[in-house]
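Notes follow the structure.
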Amino acid sequence: MGEIINKEDRYKLGQRVIWITIILNIILSVLKVVIGIISNSNAMLADGIHSISDVGSSLGIIVGLFIAKKPEDLEHQYGHEKAETIATFLLSVLLIAVGLNIGYNSIKLIFSGGAEVPGIAAIWAAIISIVVKEIQYRISLRAGKKINSDVLIADAWHHRSDALSSIAALVGILGARLGYSFLDPVAGVLVSIIVVKVGVEIFVKGTNELMDESLEEEKLIKIVNAVMTHTGVKTVNDIKARKHGSMAYVDIEIAVDPDITVSQGHDIAEDVEAIVYERIENIKSVLVHVNPCCIDKDDCKICTEKVSTFVEKALRDND
């Protein structure tokens with residue numbers, strides 16, 4: 001996960017990066033659409049439409065980041081971080097729709113035989129687009145990792161898909177100018193495939209998060225191993241975690257000596273909570289459930305039946 005950063009600073013950094021990309025995308029989209037029309041390049045026109053969609057998706061991301069930074073309230077007691085996930089999900093749907101539309105128009109042009117030889121200006125527009133989009137990708141990816149924002153990281157890959165589509169457009173334009181006019185709309189089809197592929201990948205990621213996707217296995221194993229170092233913890237019965245936008249919730253069950261006091265059990269639970277916060281970044285809440293340990297008894301139901309398969313694997317690997 002990314003660096004620990006407060007919500008307000010996180011929002012400001014995300015907003016600043018998005019506004020930079022919006023301004024660049026407006027300039028790029030106007031440039032590519034105009035040159036695409038003037039130079040008769042279907043590939044460049046398709047690439048320009050793709051860039052226009054970036055502006056709309058970026059505005060949606062700003063709204064998502066703004067909502068995500070709001071504190072908990074009575075109607076949303078777990079916070080608003082999933083607004084980012086929803087923004088990611090909507091971004092993916094927009095990408096898929098734009099990609100399919102580009103592909104449909106390009107295929108029609110291939111079969112109609114109406115492709116024309118694009119002008120040289122389309123070549124320069126494609127080169128400029130590749131450079132600018134790669135810069136946007138690097139800026140957005142760096143910021144997304146810093147503030148642990150899936151929606152910014154998704155937007156970064158959106159920019160990378162733009163750069164790849166511009167490369168496809170450039171190849172198609174060069175091929176068309178060399179006498180293979182059909183290559184320009186073929187490049188448009190390649191652009192659409194790239195856009196749809198990225199959209200589907202982001203869609204799957206957003207859907208998984210909306211369905212409470214777990215933290216990565218290595219992070220859960222790291223937590224289990226760290227908790228097992230506490231002298232008061234006899235074993236870890238179970239652990240579950242779910243992503244919540246840029247944050248995550250962790251639920252963990254531990255077994256302790258059944259003869260200690262409630263206060264001692266509470267202190268151990270607080271220590272376990274602190275261990276989780278210390279080992280894994282961007283954890284919003286940790287819930288620790290304490291079980292009485294009967295690990296020395298053959299008929300122990302808690303320590304034999306309640307231990308999850310995942311925890312058994314983690315403990316076995318740690319032996």
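Quick note on naming: the chains in the structure tokens go A, B, ... in the order shown, residues restart at 1 in each chain, and ligands are numbered from 1 in order of appearance.
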**OP:** Name all residues at most 7 Å from Ile239 of chain A (count only C-alpha atoms; drop same-chain ones fewer than 3 positions away) and give them as a list in words.
**Re:**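 Selected residues are Asp251, Ile252 and Glu253 of chain A.
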**OP:** With a distance cut-off of 10 Å and only C-alpha atoms, select the neighbouring residues of segment 175-186 of chain A, excluding the residue or stretch itself and same-chain residues fewer than 2 positions from it, and output the selection as a PyMOL selection string.
**Re:** chain A and resi 40-44+46+102-103+105-111+113-120+123+168-173+188-192
**OP:** Excluding segment 267-272 of chain A and any residue of its chain fewer than 5 positions from it, enumerate the residues within 7 Å of it, using only C-alpha atoms, and give them as a ChimeraX atom specification.
**Re:** /A:227,232,288
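In terms of minimum interatomic distance to Gln264 of chain A, A:Val290 ranks closest within A:Val290, A:Met211, A:Val131, A:Leu59, counting only C-alpha atoms.
Residue neighbourhood of Ala87 of chain A, excluding near-sequence residues (fewer than 6 positions): Ser57, Gly60, Ile61, Ile62, Val63, Gly64, Leu65, Val151 and Gly206 of chain A, at 9 Å, using only C-alpha atoms.
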Looking only at the backbone, which of the residues in segment 179-275 of chain A does DSSP tag as helix (DSSP H, G or I), as a PDB file with N, CA, C and O atoms, in the first residue's frame?
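Written output follows (out_35.pdb):
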```
ATOM      1  N   LEU A 183      -4.613   0.417 -43.505  1.00  0.00           N
ATOM      2  CA  LEU A 183      -3.952   0.290 -42.209  1.00  0.00           C
ATOM      3  C   LEU A 183      -4.426   1.343 -41.212  1.00  0.00           C
ATOM      4  O   LEU A 183      -4.355   1.131 -39.999  1.00  0.00           O
ATOM      5  N   ASP A 184      -4.896   2.489 -41.716  1.00  0.00           N
ATOM      6  CA  ASP A 184      -5.362   3.542 -40.802  1.00  0.00           C
ATOM      7  C   ASP A 184      -6.595   3.086 -40.009  1.00  0.00           C
ATOM      8  O   ASP A 184      -6.601   3.141 -38.778  1.00  0.00           O
ATOM      9  N   PRO A 185      -7.669   2.604 -40.664  1.00  0.00           N
ATOM     10  CA  PRO A 185      -8.800   2.098 -39.888  1.00  0.00           C
ATOM     11  C   PRO A 185      -8.467   0.820 -39.114  1.00  0.00           C
ATOM     12  O   PRO A 185      -9.041   0.569 -38.047  1.00  0.00           O
ATOM     13  N   VAL A 186      -7.509   0.011 -39.632  1.00  0.00           N
ATOM     14  CA  VAL A 186      -7.078  -1.171 -38.876  1.00  0.00           C
ATOM     15  C   VAL A 186      -6.443  -0.730 -37.562  1.00  0.00           C
ATOM     16  O   VAL A 186      -6.652  -1.341 -36.504  1.00  0.00           O
ATOM     17  N   ALA A 187      -5.675   0.361 -37.618  1.00  0.00           N
ATOM     18  CA  ALA A 187      -5.080   0.910 -36.398  1.00  0.00           C
ATOM     19  C   ALA A 187      -6.173   1.370 -35.436  1.00  0.00           C
ATOM     20  O   ALA A 187      -6.039   1.250 -34.213  1.00  0.00           O
ATOM     21  N   GLY A 188      -7.270   1.888 -36.008  1.00  0.00           N
ATOM     22  CA  GLY A 188      -8.409   2.282 -35.166  1.00  0.00           C
ATOM     23  C   GLY A 188      -8.978   1.096 -34.413  1.00  0.00           C
ATOM     24  O   GLY A 188      -9.376   1.200 -33.246  1.00  0.00           O
ATOM     25  N   VAL A 189      -9.024  -0.066 -35.085  1.00  0.00           N
ATOM     26  CA  VAL A 189      -9.499  -1.293 -34.433  1.00  0.00           C
ATOM     27  C   VAL A 189      -8.549  -1.692 -33.302  1.00  0.00           C
ATOM     28  O   VAL A 189      -8.976  -2.087 -32.217  1.00  0.00           O
ATOM     29  N   LEU A 190      -7.233  -1.577 -33.548  1.00  0.00           N
ATOM     30  CA  LEU A 190      -6.251  -1.908 -32.520  1.00  0.00           C
ATOM     31  C   LEU A 190      -6.392  -0.984 -31.310  1.00  0.00           C
ATOM     32  O   LEU A 190      -6.280  -1.419 -30.163  1.00  0.00           O
ATOM     33  N   VAL A 191      -6.646   0.296 -31.597  1.00  0.00           N
ATOM     34  CA  VAL A 191      -6.885   1.249 -30.511  1.00  0.00           C
ATOM     35  C   VAL A 191      -8.071   0.791 -29.669  1.00  0.00           C
ATOM     36  O   VAL A 191      -8.025   0.792 -28.433  1.00  0.00           O
ATOM     37  N   SER A 192      -9.144   0.377 -30.332  1.00  0.00           N
ATOM     38  CA  SER A 192     -10.355  -0.035 -29.613  1.00  0.00           C
ATOM     39  C   SER A 192     -10.096  -1.267 -28.750  1.00  0.00           C
ATOM     40  O   SER A 192     -10.589  -1.371 -27.629  1.00  0.00           O
ATOM     41  N   ILE A 193      -9.297  -2.206 -29.265  1.00  0.00           N
ATOM     42  CA  ILE A 193      -8.975  -3.418 -28.502  1.00  0.00           C
ATOM     43  C   ILE A 193      -8.194  -3.058 -27.241  1.00  0.00           C
ATOM     44  O   ILE A 193      -8.466  -3.580 -26.146  1.00  0.00           O
ATOM     45  N   ILE A 194      -7.229  -2.151 -27.381  1.00  0.00           N
ATOM     46  CA  ILE A 194      -6.431  -1.713 -26.229  1.00  0.00           C
ATOM     47  C   ILE A 194      -7.321  -1.058 -25.181  1.00  0.00           C
ATOM     48  O   ILE A 194      -7.236  -1.346 -23.981  1.00  0.00           O
ATOM     49  N   VAL A 195      -8.201  -0.173 -25.634  1.00  0.00           N
ATOM     50  CA  VAL A 195      -9.074   0.561 -24.721  1.00  0.00           C
ATOM     51  C   VAL A 195     -10.023  -0.399 -23.994  1.00  0.00           C
ATOM     52  O   VAL A 195     -10.216  -0.314 -22.773  1.00  0.00           O
ATOM     53  N   VAL A 196     -10.636  -1.328 -24.739  1.00  0.00           N
ATOM     54  CA  VAL A 196     -11.573  -2.279 -24.132  1.00  0.00           C
ATOM     55  C   VAL A 196     -10.846  -3.185 -23.141  1.00  0.00           C
ATOM     56  O   VAL A 196     -11.362  -3.473 -22.049  1.00  0.00           O
ATOM     57  N   LYS A 197      -9.652  -3.636 -23.489  1.00  0.00           N
ATOM     58  CA  LYS A 197      -8.874  -4.504 -22.603  1.00  0.00           C
ATOM     59  C   LYS A 197      -8.598  -3.824 -21.264  1.00  0.00           C
ATOM     60  O   LYS A 197      -8.812  -4.399 -20.196  1.00  0.00           O
ATOM     61  N   VAL A 198      -8.124  -2.581 -21.326  1.00  0.00           N
ATOM     62  CA  VAL A 198      -7.850  -1.830 -20.097  1.00  0.00           C
ATOM     63  C   VAL A 198      -9.147  -1.622 -19.313  1.00  0.00           C
ATOM     64  O   VAL A 198      -9.182  -1.755 -18.084  1.00  0.00           O
ATOM     65  N   GLY A 199     -10.225  -1.306 -20.026  1.00  0.00           N
ATOM     66  CA  GLY A 199     -11.516  -1.095 -19.369  1.00  0.00           C
ATOM     67  C   GLY A 199     -12.002  -2.332 -18.635  1.00  0.00           C
ATOM     68  O   GLY A 199     -12.493  -2.250 -17.509  1.00  0.00           O
ATOM     69  N   VAL A 200     -11.860  -3.498 -19.270  1.00  0.00           N
ATOM     70  CA  VAL A 200     -12.292  -4.757 -18.645  1.00  0.00           C
ATOM     71  C   VAL A 200     -11.457  -5.054 -17.401  1.00  0.00           C
ATOM     72  O   VAL A 200     -11.989  -5.477 -16.361  1.00  0.00           O
ATOM     73  N   GLU A 201     -10.152  -4.823 -17.482  1.00  0.00           N
ATOM     74  CA  GLU A 201      -9.279  -5.074 -16.328  1.00  0.00           C
ATOM     75  C   GLU A 201      -9.656  -4.177 -15.147  1.00  0.00           C
ATOM     76  O   GLU A 201      -9.716  -4.641 -13.995  1.00  0.00           O
ATOM     77  N   ILE A 202      -9.922  -2.911 -15.427  1.00  0.00           N
ATOM     78  CA  ILE A 202     -10.321  -1.987 -14.368  1.00  0.00           C
ATOM     79  C   ILE A 202     -11.703  -2.355 -13.841  1.00  0.00           C
ATOM     80  O   ILE A 202     -11.982  -2.265 -12.636  1.00  0.00           O
ATOM     81  N   PHE A 203     -12.590  -2.811 -14.728  1.00  0.00           N
ATOM     82  CA  PHE A 203     -13.940  -3.235 -14.341  1.00  0.00           C
ATOM     83  C   PHE A 203     -13.875  -4.400 -13.346  1.00  0.00           C
ATOM     84  O   PHE A 203     -14.564  -4.406 -12.327  1.00  0.00           O
ATOM     85  N   VAL A 204     -13.036  -5.380 -13.661  1.00  0.00           N
ATOM     86  CA  VAL A 204     -12.896  -6.546 -12.775  1.00  0.00           C
ATOM     87  C   VAL A 204     -12.364  -6.119 -11.414  1.00  0.00           C
ATOM     88  O   VAL A 204     -12.865  -6.563 -10.368  1.00  0.00           O
ATOM     89  N   LYS A 205     -11.378  -5.243 -11.410  1.00  0.00           N
ATOM     90  CA  LYS A 205     -10.793  -4.771 -10.143  1.00  0.00           C
ATOM     91  C   LYS A 205     -11.822  -4.003  -9.325  1.00  0.00           C
ATOM     92  O   LYS A 205     -11.970  -4.216  -8.119  1.00  0.00           O
ATOM     93  N   GLY A 206     -12.573  -3.104  -9.975  1.00  0.00           N
ATOM     94  CA  GLY A 206     -13.597  -2.333  -9.269  1.00  0.00           C
ATOM     95  C   GLY A 206     -14.710  -3.216  -8.734  1.00  0.00           C
ATOM     96  O   GLY A 206     -15.189  -3.029  -7.610  1.00  0.00           O
ATOM     97  N   THR A 207     -15.120  -4.202  -9.530  1.00  0.00           N
ATOM     98  CA  THR A 207     -16.167  -5.134  -9.098  1.00  0.00           C
ATOM     99  C   THR A 207     -15.721  -5.940  -7.889  1.00  0.00           C
ATOM    100  O   THR A 207     -16.481  -6.129  -6.933  1.00  0.00           O
ATOM    101  N   ASN A 208     -14.482  -6.407  -7.909  1.00  0.00           N
ATOM    102  CA  ASN A 208     -13.959  -7.173  -6.775  1.00  0.00           C
ATOM    103  C   ASN A 208     -13.964  -6.354  -5.493  1.00  0.00           C
ATOM    104  O   ASN A 208     -14.296  -6.854  -4.419  1.00  0.00           O
ATOM    105  N   GLU A 209     -13.591  -5.079  -5.601  1.00  0.00           N
ATOM    106  CA  GLU A 209     -13.574  -4.233  -4.407  1.00  0.00           C
ATOM    107  C   GLU A 209     -14.983  -3.969  -3.894  1.00  0.00           C
ATOM    108  O   GLU A 209     -15.218  -3.920  -2.686  1.00  0.00           O
ATOM    109  N   LEU A 210     -15.938  -3.787  -4.798  1.00  0.00           N
ATOM    110  CA  LEU A 210     -17.323  -3.593  -4.367  1.00  0.00           C
ATOM    111  C   LEU A 210     -17.860  -4.852  -3.692  1.00  0.00           C
ATOM    112  O   LEU A 210     -18.796  -4.780  -2.889  1.00  0.00           O
ATOM    113  N   GLU A 217      -2.787 -12.084   0.021  1.00  0.00           N
ATOM    114  CA  GLU A 217      -2.474 -13.200   0.928  1.00  0.00           C
ATOM    115  C   GLU A 217      -1.198 -12.951   1.724  1.00  0.00           C
ATOM    116  O   GLU A 217      -1.136 -13.250   2.915  1.00  0.00           O
ATOM    117  N   GLU A 218      -0.187 -12.389   1.074  1.00  0.00           N
ATOM    118  CA  GLU A 218       1.082 -12.177   1.779  1.00  0.00           C
ATOM    119  C   GLU A 218       0.935 -11.199   2.942  1.00  0.00           C
ATOM    120  O   GLU A 218       1.630 -11.316   3.958  1.00  0.00           O
ATOM    121  N   LYS A 219       0.020 -10.251   2.804  1.00  0.00           N
ATOM    122  CA  LYS A 219      -0.204  -9.291   3.891  1.00  0.00           C
ATOM    123  C   LYS A 219      -0.915  -9.959   5.070  1.00  0.00           C
ATOM    124  O   LYS A 219      -0.605  -9.693   6.238  1.00  0.00           O
ATOM    125  N   LEU A 220      -1.861 -10.854   4.764  1.00  0.00           N
ATOM    126  CA  LEU A 220      -2.555 -11.571   5.832  1.00  0.00           C
ATOM    127  C   LEU A 220      -1.595 -12.505   6.564  1.00  0.00           C
ATOM    128  O   LEU A 220      -1.638 -12.624   7.794  1.00  0.00           O
ATOM    129  N   ILE A 221      -0.724 -13.178   5.809  1.00  0.00           N
ATOM    130  CA  ILE A 221       0.263 -14.060   6.429  1.00  0.00           C
ATOM    131  C   ILE A 221       1.215 -13.243   7.310  1.00  0.00           C
ATOM    132  O   ILE A 221       1.592 -13.678   8.413  1.00  0.00           O
ATOM    133  N   LYS A 222       1.565 -12.063   6.845  1.00  0.00           N
ATOM    134  CA  LYS A 222       2.436 -11.179   7.618  1.00  0.00           C
ATOM    135  C   LYS A 222       1.785 -10.811   8.951  1.00  0.00           C
ATOM    136  O   LYS A 222       2.451 -10.797  10.002  1.00  0.00           O
ATOM    137  N   ILE A 223       0.480 -10.544   8.917  1.00  0.00           N
ATOM    138  CA  ILE A 223      -0.244 -10.207  10.147  1.00  0.00           C
ATOM    139  C   ILE A 223      -0.273 -11.407  11.091  1.00  0.00           C
ATOM    140  O   ILE A 223       0.011 -11.280  12.292  1.00  0.00           O
ATOM    141  N   VAL A 224      -0.629 -12.586  10.560  1.00  0.00           N
ATOM    142  CA  VAL A 224      -0.718 -13.792  11.396  1.00  0.00           C
ATOM    143  C   VAL A 224       0.622 -14.076  12.070  1.00  0.00           C
ATOM    144  O   VAL A 224       0.685 -14.323  13.290  1.00  0.00           O
ATOM    145  N   ASN A 225       1.687 -14.023  11.308  1.00  0.00           N
ATOM    146  CA  ASN A 225       3.010 -14.304  11.870  1.00  0.00           C
ATOM    147  C   ASN A 225       3.398 -13.288  12.934  1.00  0.00           C
ATOM    148  O   ASN A 225       4.009 -13.648  13.955  1.00  0.00           O
ATOM    149  N   ALA A 226       3.056 -12.017  12.703  1.00  0.00           N
ATOM    150  CA  ALA A 226       3.386 -10.975  13.681  1.00  0.00           C
ATOM    151  C   ALA A 226       2.588 -11.159  14.964  1.00  0.00           C
ATOM    152  O   ALA A 226       3.130 -11.026  16.070  1.00  0.00           O
ATOM    153  N   VAL A 227       1.303 -11.461  14.832  1.00  0.00           N
ATOM    154  CA  VAL A 227       0.442 -11.645  16.006  1.00  0.00           C
ATOM    155  C   VAL A 227       0.900 -12.848  16.827  1.00  0.00           C
ATOM    156  O   VAL A 227       0.860 -12.841  18.063  1.00  0.00           O
ATOM    157  N   VAL A 262     -10.689 -10.856  32.311  1.00  0.00           N
ATOM    158  CA  VAL A 262     -11.224 -10.143  31.148  1.00  0.00           C
ATOM    159  C   VAL A 262     -10.325  -8.970  30.805  1.00  0.00           C
ATOM    160  O   VAL A 262     -10.052  -8.686  29.625  1.00  0.00           O
ATOM    161  N   SER A 263      -9.842  -8.277  31.836  1.00  0.00           N
ATOM    162  CA  SER A 263      -8.975  -7.118  31.611  1.00  0.00           C
ATOM    163  C   SER A 263      -7.677  -7.522  30.913  1.00  0.00           C
ATOM    164  O   SER A 263      -7.216  -6.836  29.989  1.00  0.00           O
ATOM    165  N   GLN A 264      -7.103  -8.653  31.309  1.00  0.00           N
ATOM    166  CA  GLN A 264      -5.871  -9.123  30.668  1.00  0.00           C
ATOM    167  C   GLN A 264      -6.136  -9.510  29.208  1.00  0.00           C
ATOM    168  O   GLN A 264      -5.317  -9.232  28.322  1.00  0.00           O
ATOM    169  N   GLY A 265      -7.280 -10.164  28.979  1.00  0.00           N
ATOM    170  CA  GLY A 265      -7.643 -10.515  27.605  1.00  0.00           C
ATOM    171  C   GLY A 265      -7.828  -9.275  26.750  1.00  0.00           C
ATOM    172  O   GLY A 265      -7.439  -9.242  25.574  1.00  0.00           O
ATOM    173  N   HIS A 266      -8.419  -8.242  27.347  1.00  0.00           N
ATOM    174  CA  HIS A 266      -8.623  -6.973  26.639  1.00  0.00           C
ATOM    175  C   HIS A 266      -7.280  -6.339  26.274  1.00  0.00           C
ATOM    176  O   HIS A 266      -7.104  -5.830  25.163  1.00  0.00           O
ATOM    177  N   ASP A 267      -6.333  -6.382  27.210  1.00  0.00           N
ATOM    178  CA  ASP A 267      -5.011  -5.806  26.955  1.00  0.00           C
ATOM    179  C   ASP A 267      -4.311  -6.534  25.807  1.00  0.00           C
ATOM    180  O   ASP A 267      -3.663  -5.908  24.951  1.00  0.00           O
ATOM    181  N   ILE A 268      -4.443  -7.857  25.774  1.00  0.00           N
ATOM    182  CA  ILE A 268      -3.837  -8.633  24.685  1.00  0.00           C
ATOM    183  C   ILE A 268      -4.471  -8.251  23.351  1.00  0.00           C
ATOM    184  O   ILE A 268      -3.791  -8.083  22.337  1.00  0.00           O
ATOM    185  N   ALA A 269      -5.809  -8.092  23.361  1.00  0.00           N
ATOM    186  CA  ALA A 269      -6.514  -7.705  22.141  1.00  0.00           C
ATOM    187  C   ALA A 269      -6.037  -6.346  21.639  1.00  0.00           C
ATOM    188  O   ALA A 269      -5.866  -6.145  20.426  1.00  0.00           O
ATOM    189  N   GLU A 270      -5.812  -5.407  22.550  1.00  0.00           N
ATOM    190  CA  GLU A 270      -5.321  -4.086  22.147  1.00  0.00           C
ATOM    191  C   GLU A 270      -3.906  -4.176  21.580  1.00  0.00           C
ATOM    192  O   GLU A 270      -3.558  -3.465  20.635  1.00  0.00           O
ATOM    193  N   ASP A 271      -3.093  -5.065  22.163  1.00  0.00           N
ATOM    194  CA  ASP A 271      -1.736  -5.265  21.633  1.00  0.00           C
ATOM    195  C   ASP A 271      -1.799  -5.817  20.207  1.00  0.00           C
ATOM    196  O   ASP A 271      -1.036  -5.402  19.331  1.00  0.00           O
ATOM    197  N   VAL A 272      -2.706  -6.775  19.994  1.00  0.00           N
ATOM    198  CA  VAL A 272      -2.877  -7.366  18.659  1.00  0.00           C
ATOM    199  C   VAL A 272      -3.319  -6.301  17.663  1.00  0.00           C
ATOM    200  O   VAL A 272      -2.827  -6.239  16.530  1.00  0.00           O
ATOM    201  N   GLU A 273      -4.241  -5.461  18.085  1.00  0.00           N
ATOM    202  CA  GLU A 273      -4.710  -4.367  17.223  1.00  0.00           C
ATOM    203  C   GLU A 273      -3.549  -3.465  16.824  1.00  0.00           C
ATOM    204  O   GLU A 273      -3.394  -3.096  15.656  1.00  0.00           O
ATOM    205  N   ALA A 274      -2.699  -3.132  17.814  1.00  0.00           N
ATOM    206  CA  ALA A 274      -1.550  -2.259  17.540  1.00  0.00           C
ATOM    207  C   ALA A 274      -0.565  -2.934  16.581  1.00  0.00           C
ATOM    208  O   ALA A 274       0.018  -2.269  15.712  1.00  0.00           O
ATOM    209  N   ILE A 275      -0.404  -4.263  16.709  1.00  0.00           N
ATOM    210  CA  ILE A 275       0.501  -5.006  15.818  1.00  0.00           C
ATOM    211  C   ILE A 275       0.028  -4.902  14.377  1.00  0.00           C
ATOM    212  O   ILE A 275       0.829  -4.684  13.459  1.00  0.00           O
TER     213      ILE A 275
END
```
Subject >> Picked from segment 46-272 of chain A by DSSP as strand (DSSP E or B), as a list in words >> reply: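 Answer for segment 46-272 of chain A restricted to strand (DSSP E or B) is Thr235, Val236, Asn237, Asp238, Ile239, Lys240, Ala241, Arg242, Lys243, His244, Met247, Ala248, Tyr249, Val250, Asp251, Ile252, Glu253, Ile254, Ala255 and Val256 of chain A.
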Subject >> Pick from A:Asp150, A:Asp212, A:Asp73, A:Asp47, whichever lies nearest to Ser129 of chain A using only C-alpha atoms >> reply: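 Closest to Ser129 of chain A of all the choices is A:Asp47.
Straight-line separation from atom CA of Ile86 of chain A to atom CA of Lys146 of chain A: 20.2 Å.
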